[in-house]
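Engineer: Just so it is clear, I am handing over final_37.txt, which has compact mmCIF, C-alpha atoms.
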# COMPACT_ATOMS: atom_id res chain seq x y z
CA MET A 238 9.35 21.33 -1.86
CA SER A 239 9.20 20.59 -5.56
CA ARG A 240 7.71 23.06 -7.99
CA GLN A 241 5.92 20.58 -10.25
CA ALA A 242 3.52 18.81 -7.92
CA SER A 243 3.55 20.59 -4.62
CA GLY A 244 0.39 22.54 -3.97
CA LEU A 245 -0.47 24.43 -0.83
CA LYS A 246 -2.27 21.38 0.56
CA ALA A 247 0.80 19.12 0.60
CA TRP A 248 2.85 22.02 1.99
CA PHE A 249 0.38 22.54 4.82
CA VAL A 250 -0.10 18.83 5.57
CA GLN A 251 3.67 18.41 5.77
CA ARG A 252 3.98 21.16 8.38
CA LEU A 253 0.94 20.15 10.40
CA SER A 254 2.10 16.53 10.60
CA ALA A 255 5.62 17.77 11.41
CA VAL A 256 4.40 19.52 14.56
CA TYR A 257 2.70 16.42 15.92
CA LEU A 258 5.57 14.11 14.88
CA ALA A 259 8.07 16.43 16.57
CA LEU A 260 6.11 16.42 19.84
CA PHE A 261 5.06 12.77 20.07
CA GLY A 262 8.28 11.52 18.40
CA SER A 263 10.37 13.36 21.01
CA TYR A 264 8.24 11.82 23.76
CA LEU A 265 8.75 8.34 22.26
CA VAL A 266 12.52 8.74 21.89
CA VAL A 267 13.08 10.25 25.33
CA HIS A 268 10.71 7.83 27.07
CA LEU A 269 12.08 4.69 25.40
CA VAL A 270 15.71 5.72 25.96
CA ILE A 271 15.28 6.67 29.62
CA TRP A 272 12.80 3.96 30.55
CA HIS A 273 14.47 1.26 28.45
CA PRO A 274 11.66 -1.32 28.85
CA LEU A 275 13.04 -4.65 30.05
CA ASP A 276 9.88 -6.67 30.25
CA HIS A 277 7.13 -7.69 27.82
CA ALA A 278 4.35 -7.12 30.38
CA ASP A 279 5.57 -3.59 31.19
CA PHE A 280 5.96 -2.80 27.50
CA ILE A 281 2.42 -3.78 26.48
CA ALA A 282 0.96 -2.16 29.61
CA TRP A 283 2.59 1.12 28.55
CA MET A 284 1.40 0.74 24.95
CA ALA A 285 -2.14 -0.10 26.03
CA ALA A 286 -2.47 2.96 28.28
CA PRO A 287 -5.23 5.05 26.66
CA LEU A 288 -3.18 8.19 26.00
CA VAL A 289 -0.20 6.27 24.61
CA ALA A 290 -2.37 4.02 22.43
CA PHE A 291 -4.29 7.02 21.10
CA GLY A 292 -1.04 8.93 20.58
CA LEU A 293 0.44 6.01 18.64
CA LEU A 294 -2.67 5.47 16.52
CA LEU A 295 -2.55 9.15 15.57
CA PHE A 296 1.23 9.04 15.10
CA ILE A 297 1.13 6.21 12.53
CA PRO A 298 -1.01 7.83 9.77
CA LEU A 299 0.66 11.24 10.29
CA LEU A 300 4.09 9.60 9.97
CA LEU A 301 3.00 7.83 6.78
CA VAL A 302 1.65 11.04 5.23
CA HIS A 303 4.78 13.00 6.23
CA ALA A 304 7.04 10.25 4.85
CA TRP A 305 4.99 10.08 1.66
CA VAL A 306 5.11 13.82 0.92
CA GLY A 307 8.84 13.93 1.70
CA VAL A 308 9.76 10.90 -0.41
CA ARG A 309 7.59 12.13 -3.27
CA ASP A 310 9.36 15.50 -3.28
CA ILE A 311 12.76 13.79 -3.30
CA LEU A 312 11.84 11.36 -6.10
CA ILE A 313 10.38 14.21 -8.19
CA ASP A 314 13.65 16.12 -7.75
CA TYR A 315 16.14 13.34 -8.46
CA ILE A 316 14.40 10.61 -10.51
CA LYS A 317 13.54 12.01 -13.90
CA PRO A 318 12.46 8.90 -15.94
CA ILE A 319 8.73 8.83 -15.29
CA GLY A 320 8.39 5.02 -15.28
CA LEU A 321 11.13 4.52 -12.71
CA ARG A 322 9.73 7.36 -10.59
CA LEU A 323 6.21 5.91 -10.61
CA GLY A 324 7.57 2.43 -9.88
CA LEU A 325 9.53 3.66 -6.86
CA LEU A 326 6.56 5.73 -5.66
CA SER A 327 4.29 2.68 -5.86
CA LEU A 328 6.82 0.53 -4.03
CA ILE A 329 7.20 3.12 -1.24
CA ALA A 330 3.42 3.56 -1.00
CA LEU A 331 2.91 -0.20 -0.54
CA LEU A 332 5.77 -0.44 2.00
CA LEU A 333 4.43 2.51 3.99
CA LEU A 334 0.84 1.30 3.95
CA GLY A 335 1.79 -2.26 4.92
CA SER A 336 4.07 -1.09 7.72
CA GLY A 337 1.46 1.33 9.02
CA LEU A 338 -1.27 -1.31 9.18
CA TRP A 339 1.16 -3.73 10.82
CA ALA A 340 2.14 -1.19 13.47
CA ALA A 341 -1.48 -0.15 14.12
CA LYS A 342 -2.39 -3.82 14.55
CA ALA A 343 0.39 -4.11 17.14
CA VAL A 344 -1.22 -1.31 19.18
CA ILE A 345 -4.58 -3.14 19.08
CA VAL A 346 -2.90 -6.45 19.98
CA ALA A 347 -1.25 -4.82 23.01
CA GLN A 348 -4.65 -3.57 24.21
CA THR A 349 -6.23 -7.01 23.74
CA LEU A 350 -3.37 -8.74 25.57
CA VAL A 351 -3.58 -6.34 28.51
CA ALA A 352 -7.38 -6.61 28.65
CA THR A 353 -7.36 -10.41 28.64
CA SER A 354 -4.47 -10.77 31.11
CA GLY A 355 -6.63 -9.05 33.73
CA GLY A 356 -5.49 -5.48 34.31
CA MET A 357 -1.72 -5.23 34.05
CA GLY A 358 -0.09 -2.06 35.34
CA MET B 39 21.22 12.13 -17.37
CA LEU B 40 19.58 14.57 -15.03
CA MET B 41 18.78 17.39 -17.38
CA HIS B 42 18.35 15.93 -20.87
CA ASN B 43 14.69 14.95 -20.75
CA HIS B 44 13.52 18.32 -19.52
CA PRO B 45 10.92 19.29 -22.12
CA PRO B 46 11.46 22.73 -23.63
CA SER B 47 8.68 24.90 -22.27
CA PRO B 48 8.00 28.61 -22.19
CA LEU B 49 7.26 28.24 -18.46
CA SER B 50 10.60 26.65 -17.61
CA PRO B 51 13.30 28.02 -19.91
CA PRO B 52 16.47 25.91 -20.09
CA ARG B 53 18.79 26.70 -17.22
CA PRO B 54 22.57 26.63 -17.26
CA VAL B 55 23.91 23.33 -16.00
CA PHE B 56 27.00 23.45 -13.80
CA LEU B 57 27.78 20.05 -12.41
CA GLU B 58 31.50 20.26 -11.67
CA LEU B 59 31.04 19.02 -8.16
CA TRP B 60 34.66 19.73 -7.14
CA HIS B 61 34.09 23.43 -7.89
CA ILE B 62 30.82 23.66 -5.97
CA ARG B 63 31.13 24.35 -2.26
CA LEU B 64 27.83 23.75 -0.56
CA PRO B 65 27.11 26.52 1.98
CA LEU B 66 26.10 25.55 5.52
CA PRO B 67 22.32 26.01 5.02
CA GLY B 68 22.71 23.72 1.98
CA VAL B 69 24.49 21.11 4.10
CA VAL B 70 21.68 21.21 6.67
CA SER B 71 19.13 20.95 3.87
CA ILE B 72 20.67 17.91 2.17
CA LEU B 73 21.14 16.23 5.58
CA HIS B 74 17.46 16.94 6.26
CA ARG B 75 16.64 14.93 3.15
CA ILE B 76 19.16 12.16 3.84
CA SER B 77 17.99 11.75 7.45
CA GLY B 78 14.38 11.64 6.25
CA VAL B 79 15.17 8.91 3.72
CA LEU B 80 17.06 6.90 6.37
CA MET B 81 14.03 7.05 8.67
CA VAL B 82 11.65 6.08 5.87
CA LEU B 83 13.86 3.07 5.10
CA ALA B 84 13.66 2.11 8.80
CA ILE B 85 9.84 2.17 8.85
CA PRO B 86 9.27 -1.48 7.76
CA ALA B 87 11.91 -2.75 10.23
CA SER B 88 10.35 -0.62 12.98
CA ALA B 89 6.90 -2.04 12.24
CA TRP B 90 8.38 -5.56 12.44
CA ALA B 91 10.13 -4.76 15.73
CA LEU B 92 6.98 -3.26 17.24
CA ALA B 93 4.70 -6.12 16.15
CA THR B 94 7.21 -8.77 17.29
CA ALA B 95 7.91 -7.12 20.66
CA VAL B 96 4.18 -6.85 21.35
CA ALA B 97 3.18 -10.33 20.18
CA SER B 98 4.82 -12.45 22.90
CA GLU B 99 7.49 -12.57 25.60
CA ALA B 100 9.73 -14.53 23.23
CA GLY B 101 9.21 -11.88 20.56
CA PHE B 102 10.06 -9.12 23.04
CA ALA B 103 13.24 -10.99 24.04
CA LEU B 104 14.17 -11.42 20.37
CA VAL B 105 13.80 -7.70 19.62
CA ALA B 106 15.63 -6.76 22.83
CA SER B 107 18.58 -9.01 21.93
CA ARG B 108 18.69 -7.69 18.34
CA VAL B 109 18.63 -4.08 19.53
CA SER B 110 21.58 -4.63 21.88
CA SER B 111 23.80 -6.26 19.23
CA GLY B 112 26.70 -4.19 17.87
CA LEU B 113 25.53 -3.61 14.32
CA PHE B 114 22.03 -2.67 15.43
CA LYS B 115 23.40 -0.26 18.00
CA PHE B 116 25.22 1.53 15.20
CA ALA B 117 22.01 1.58 13.14
CA LEU B 118 20.07 2.87 16.15
CA VAL B 119 22.53 5.71 16.77
CA LEU B 120 22.36 6.61 13.07
CA LEU B 121 18.54 6.65 13.28
CA LEU B 122 18.71 8.66 16.50
CA TRP B 123 20.87 11.26 14.74
CA SER B 124 18.48 11.17 11.76
CA PHE B 125 15.53 11.93 14.01
CA LEU B 126 17.31 14.68 15.95
CA HIS B 127 18.81 16.37 12.89
CA HIS B 128 15.47 16.15 11.10
CA LEU B 129 13.79 17.60 14.19
CA PHE B 130 16.11 20.60 14.62
CA ALA B 131 16.42 21.32 10.90
CA GLY B 132 12.63 20.98 10.64
CA LEU B 133 12.08 23.42 13.51
CA ARG B 134 14.38 25.81 11.67
CA TYR B 135 12.24 25.50 8.53
CA LEU B 136 9.07 26.10 10.53
CA LEU B 137 10.64 29.26 11.99
CA MET B 138 11.60 30.39 8.49
CA ASP B 139 8.04 29.71 7.27
CA LEU B 140 6.91 32.05 10.04
CA GLY B 141 9.30 34.67 8.69
CA TYR B 142 12.17 34.38 11.18
CA ALA B 143 15.86 34.01 10.28
CA VAL B 144 15.23 34.30 6.55
CA ASN B 145 18.11 36.65 5.73
CA LEU B 146 21.50 35.13 5.05
CA PRO B 147 23.45 35.87 8.26
CA PRO B 148 20.77 34.56 10.67
CA ALA B 149 20.02 31.70 8.25
CA ARG B 150 23.69 30.69 8.44
CA LEU B 151 23.66 30.95 12.22
CA THR B 152 20.50 28.85 12.66
CA ALA B 153 21.84 26.28 10.17
CA PHE B 154 24.97 25.99 12.31
CA LEU B 155 22.88 25.74 15.48
CA ALA B 156 20.59 23.05 14.01
CA LEU B 157 23.57 20.99 12.83
CA CYS B 158 25.28 21.23 16.24
CA ALA B 159 22.09 20.59 18.21
CA GLY B 160 21.46 17.38 16.26
CA LEU B 161 25.01 16.12 16.83
CA VAL B 162 25.21 17.12 20.51
CA ALA B 163 21.78 15.69 21.36
CA THR B 164 22.74 12.46 19.57
CA LEU B 165 25.92 12.16 21.66
CA VAL B 166 24.05 12.90 24.90
CA ILE B 167 21.19 10.47 24.26
CA ALA B 168 23.47 7.78 22.80
CA GLY B 169 25.57 8.17 25.95
CA VAL B 170 22.51 7.32 28.04
CA LEU B 171 21.55 4.52 25.65
CA LEU B 172 24.87 2.69 25.34
Could you render the structure as structure tokens?
Structural biologist:
Amino acid sequence: MSRQASGLKAWFVQRLSAVYLALFGSYLVVHLVIWHPLDHADFIAWMAAPLVAFGLLLFIPLLLVHAWVGVRDILIDYIKPIGLRLGLLSLIALLLLGSGLWAAKAVIVAQTLVATSGGMG
Amino acid sequence: MLMHNHPPSPLSPPRPVFLELWHIRLPLPGVVSILHRISGVLMVLAIPASAWALATAVASEAGFALVASRVSSGLFKFALVLLLWSFLHHLFAGLRYLLMDLGYAVNLPPARLTAFLALCAGLVATLVIAGVLL
């Protein structure tokens, strides 16, 4: 972690999010690789299951925060011109926020689709 | 380029700069550390594409079929295996850092050993899971 702008808070947030990302991320990787969903209906039924949907909705903001702290540390270490650094940080922030909202919307859409198709799975 | 705009400050005295890369041999914990960063950046770069894939696969059967066909194409398989390694290396190297935060394996010999183990675990797990995947 960088010396200039770290702070105990960012340090702690990075480790707390890491624990959840490690657990739920491992579940996602192992489940998707072994299960290898072949069908749209099965896929959204899995995503709309309460525990998975909740897990994903928690996963998204924690992933964004973890990515943000990590990228910020790396840019502070390697990009010295302050304008370029701030420009890149802003770009990454917008990309992360947009992607996160998009992914969270997908979780909601899956729930709506399953609810309206009359109890899949 | 890296060091010139460091402001002179009593808090951070100027440090010697030694950037002859061919004379610097990065020790194993350093290799694991830089790969931790590289794998993290690779995964961050994959976030927008992952959000697209998730939203498209959820939206409709045609969208799901599109993502499924993209994922099974050659170039994407390579990208997926690279991302899989990124996740696994980041995971094992990250677990190592958490252990070190708790005070374990901080001295050099165990730090070297755990660096070696994290590097191997990431590679072996990638091969095993990619073997199931492909």
Engineer: How close does each residue of chain B get to chain A, giving the shortest atom pair and distance in Å to one decimal for every residue with an atom at most 9 Å away, counting only C-alpha atoms, sorted by chain and residue number, as a tab-separated table?
Structural biologist:
residue	atom	partner	partner_atom	distance
B:Met39	CA	A:Lys317	CA	8.4
B:Leu40	CA	A:Lys317	CA	6.7
B:Met41	CA	A:Lys317	CA	8.3
B:Asn43	CA	A:Lys317	CA	7.5
B:His44	CA	A:Lys317	CA	8.4
B:Arg75	CA	A:Ile311	CA	7.6
B:Gly78	CA	A:Gly307	CA	7.5
B:Val79	CA	A:Val308	CA	7.1
B:Met81	CA	A:Ala304	CA	8.6
B:Val82	CA	A:Ala304	CA	6.3
B:Ile85	CA	A:Ser336	CA	6.7
B:Pro86	CA	A:Ser336	CA	5.2
B:Ala87	CA	A:Ser336	CA	8.4
B:Ser88	CA	A:Ser336	CA	8.2
B:Ala89	CA	A:Ala340	CA	5.0
B:Trp90	CA	A:Trp339	CA	7.6
B:Leu92	CA	A:Ala340	CA	6.5
B:Ala93	CA	A:Ala343	CA	4.9
B:Thr94	CA	A:Ala343	CA	8.3
B:Ala95	CA	A:His277	CA	7.2
B:Val96	CA	A:Ala347	CA	6.0
B:Ala97	CA	A:Val346	CA	7.2
B:Ser98	CA	A:His277	CA	7.2
B:Glu99	CA	A:His277	CA	5.4
B:Ala100	CA	A:His277	CA	8.6
B:Gly101	CA	A:His277	CA	8.6
B:Phe102	CA	A:His277	CA	5.8
B:Ala103	CA	A:His277	CA	7.9
B:Ala106	CA	A:Leu275	CA	8.0
B:Leu122	CA	A:Val266	CA	8.2
B:Phe125	CA	A:Gly262	CA	8.5
B:Leu126	CA	A:Ser263	CA	8.7
B:Leu129	CA	A:Ala259	CA	6.3
B:Gly132	CA	A:Ala255	CA	7.7
B:Leu133	CA	A:Ala259	CA	8.6
B:Leu136	CA	A:Arg252	CA	7.4
B:Ile167	CA	A:Val270	CA	7.4
B:Ala168	CA	A:Val270	CA	8.6
B:Val170	CA	A:Val270	CA	7.3
B:Leu171	CA	A:Val270	CA	6.0
Engineer: Pick out the residues sitting within 9 Å of Ser71 (chain B), and hand them over as JSON, numbers by chain; count only C-alpha atoms, and ignore anything fewer than 5 positions along from it in its own chain.
Structural biologist: {"B": [66, 76, 131, 153]}
Engineer: What lies within 12 Å of Pro65 (chain B) using all atoms listed in the file, ignoring chain neighbours under 6 positions off, as a ChimeraX atom specification?
Structural biologist: /B:71-72,146-147,149-151,153-154
Engineer: Excluding same-chain residues fewer than 3 positions from Leu73 (chain B), what lies within 8 Å of it counting all atoms listed in the file, as a list in words?
Structural biologist: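 The neighbour list is Val69, Val70, Ile76, Ser77, His127 and His128 of chain B.
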Engineer: Can you work out the spacing between CA of Trp248 (chain A) and CA of Val306 (chain A) in Å, to one decimal?
Structural biologist: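 Going from CA of Trp248 (chain A) over to CA of Val306 (chain A), I get 8.6 Å.
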Engineer: Between CA of Val144 (chain B) and CA of Gly68 (chain B), what distance in Å does the model show, to one decimal?
Structural biologist: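 If I compute the distance from CA of Val144 (chain B) to CA of Gly68 (chain B), I get 13.7 Å.
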Engineer: By how many Å are CA of Leu137 (chain B) and CA of Ala156 (chain B) apart?
Structural biologist: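 Interatomic distance, CA of Leu137 (chain B) to CA of Ala156 (chain B): 11.9 Å.
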Engineer: Box for region 331-342 of chain A - axis-aligned, 3 Å on each of the six sides, all listed atoms - centre and size in Å to one decimal, as AutoDock Vina command-line options.
Structural biologist:
--center_x 1.7 --center_y -0.7 --center_z 7.0 --size_x 14.2 --size_y 12.3 --size_z 21.1
